[in-house]
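*Asks:* Structure below; questions to follow.
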Amino acid sequence: MGSRVKVVNDIEILQEMLSPDVQVVLQSRRGRPSVKLTDSQSGTTVEIKGLPYESVVIKADYFKGPFPVFNKDLEDIRKRADFVIVSNDEKGKKWIICLETKGGNKSRSEITAQLKGANCFINYCRCIGKSFWKSEEFLDGYEYRFVSVVHLNDSKKRRTEHYFYMEKLHDRPEVFLKISRIFSIHFKRLINPES
């Protein structure tokens, strides 16, 4: 408890709060952090390049949730997207990206439920930080992005049919960015695909 007084920002609080088992190790790539995210079910991997230096990547689906508490007939509320990226960039912008990866494809409603579950997970972390770390502004002021990366095991078509699909700004689970057959993505494109 005494060490919590020294913690100064949200990323450090999350790194202290969360087990090392749920934090994905960042790698250095051309001077910028990158991370390889592996879908635990299909074993497929997507790399996110160009992360801000102040970032933590969380395996959100590692947290299975209090299943005995929730009605098993309401399966959607028991879902979780695979990863959450929390970053503070060099321009002072703060980002939370909920990310679902999949070897194949899923229905829109299933992806939405998973992204909502990851959002709930990060909200739970926010409550923990505010209560136990006494950080009243913990995880406040972040812009959210919701992303689904699909067809990661479809290597035959990745060269000709990869795409980014966005109807509107993907700042809520119901309106997510869909990325298909791309195995390496720059962080900026998760925030704004047109950058």
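Every chain in the structure tokens has a letter given in the order shown (A, B, ...), and although residue numbers restart at 1 in each chain, ligands are simply numbered from 1 in the order shown.
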Using only C-alpha atoms, which residues of stretch 110-147 of chain A come within 10 Å of stretch 85-93 of chain A, and what is the closest atom pair for each, with the distance in Å to one decimal? Give it as CSV, sorted by chain and residue number.
*Replies:*
```
residue,atom,partner,partner_atom,distance
A:Ile122,CA,A:Val86,CA,9.4
A:Leu139,CA,A:Val86,CA,9.0
A:Gly141,CA,A:Lys93,CA,8.8
A:Tyr142,CA,A:Lys93,CA,7.6
A:Glu143,CA,A:Lys93,CA,8.0
A:Tyr144,CA,A:Val86,CA,9.4
A:Arg145,CA,A:Ile85,CA,9.7
```
*Asks:* Determine, counting only C-alpha atoms, which protein, DNA and RNA residues have an atom within 7 Å of an atom of A:Ile185; residues of the same chain fewer than 4 positions away are not included. Present the result as a compact mmCIF listing (two decimals) with N, CA and C atoms, in the first residue's frame.
*Replies:*
```txt
# COMPACT_ATOMS: atom_id res chain seq x y z
N GLU A 47 0.17 -7.72 -35.30
CA GLU A 47 1.13 -6.82 -34.67
C GLU A 47 0.62 -5.38 -34.74
N ILE A 48 0.70 -4.69 -33.61
CA ILE A 48 0.37 -3.26 -33.55
C ILE A 48 1.69 -2.52 -33.41
N LYS A 49 2.01 -1.70 -34.40
CA LYS A 49 3.27 -0.96 -34.42
C LYS A 49 3.04 0.50 -34.04
N ARG A 189 -3.60 4.09 -37.11
CA ARG A 189 -4.72 3.65 -37.95
C ARG A 189 -5.83 3.02 -37.12
```
*Asks:* When DSSP works through the backbone of this structure, what residues of chain A end up as strand (DSSP E or B), shown as a ChimeraX atom specification?
*Replies:* /A:23-24,27-29,32-38,45-49,54-59,83-88,94-101,143-150,163-165,172,175,177-180,184-186
*Asks:* Taking 5 positions as the minimum chain separation for residues in the same chain, which residues sit within 12 Å of A:Ile111 when counting only C-alpha atoms? Answer as JSON, numbers by chain.
*Replies:* {"A": [76, 79, 80, 81, 82, 98, 99, 100, 101, 102, 105, 106, 116, 117, 118, 146, 147, 148, 149, 150, 172, 173, 174, 175, 176, 177, 178]}
*Asks:* Those selected residues, please, written with C-alpha atoms and delivered as a PDB file, in the first residue's frame.
*Replies:*
```
ATOM      1  CA  ASP A  76     -23.721 -11.601 -24.045  1.00  0.00           C
ATOM      2  CA  LYS A  79     -18.304 -11.875 -23.045  1.00  0.00           C
ATOM      3  CA  ARG A  80     -15.053  -9.921 -23.262  1.00  0.00           C
ATOM      4  CA  ALA A  81     -12.971  -8.673 -26.206  1.00  0.00           C
ATOM      5  CA  ASP A  82      -9.422  -9.985 -26.363  1.00  0.00           C
ATOM      6  CA  CYS A  98     -10.877  -2.162 -27.049  1.00  0.00           C
ATOM      7  CA  LEU A  99      -9.743  -4.740 -29.600  1.00  0.00           C
ATOM      8  CA  GLU A 100     -11.237  -8.072 -30.636  1.00  0.00           C
ATOM      9  CA  THR A 101      -9.128 -10.391 -32.805  1.00  0.00           C
ATOM     10  CA  LYS A 102     -10.421 -13.415 -34.662  1.00  0.00           C
ATOM     11  CA  ASN A 105     -15.299 -13.923 -38.726  1.00  0.00           C
ATOM     12  CA  LYS A 106     -18.037 -13.288 -36.150  1.00  0.00           C
ATOM     13  CA  LYS A 116     -18.984  -3.887 -24.518  1.00  0.00           C
ATOM     14  CA  GLY A 117     -17.526  -6.467 -22.107  1.00  0.00           C
ATOM     15  CA  ALA A 118     -14.006  -5.053 -22.550  1.00  0.00           C
ATOM     16  CA  PHE A 146     -13.477  -0.008 -30.683  1.00  0.00           C
ATOM     17  CA  VAL A 147     -11.853  -2.308 -33.234  1.00  0.00           C
ATOM     18  CA  SER A 148     -12.400  -5.801 -34.629  1.00  0.00           C
ATOM     19  CA  VAL A 149      -9.610  -7.526 -36.579  1.00  0.00           C
ATOM     20  CA  VAL A 150     -10.958 -10.550 -38.473  1.00  0.00           C
ATOM     21  CA  ARG A 172     -18.555   3.115 -29.067  1.00  0.00           C
ATOM     22  CA  PRO A 173     -18.968  -0.678 -29.175  1.00  0.00           C
ATOM     23  CA  GLU A 174     -21.951  -0.603 -31.537  1.00  0.00           C
ATOM     24  CA  VAL A 175     -19.969   1.329 -34.179  1.00  0.00           C
ATOM     25  CA  PHE A 176     -16.610  -0.411 -34.426  1.00  0.00           C
ATOM     26  CA  LEU A 177     -13.810  -0.303 -36.972  1.00  0.00           C
ATOM     27  CA  LYS A 178     -13.574  -3.612 -38.830  1.00  0.00           C
TER      28      LYS A 178
END
```
*Asks:* Extract the full set of alpha helix (DSSP H) residues from chain A according to DSSP on the backbone, and format it as a PyMOL selection string.
*Replies:* chain A and resi 10-17+108-132+158-161+187-191
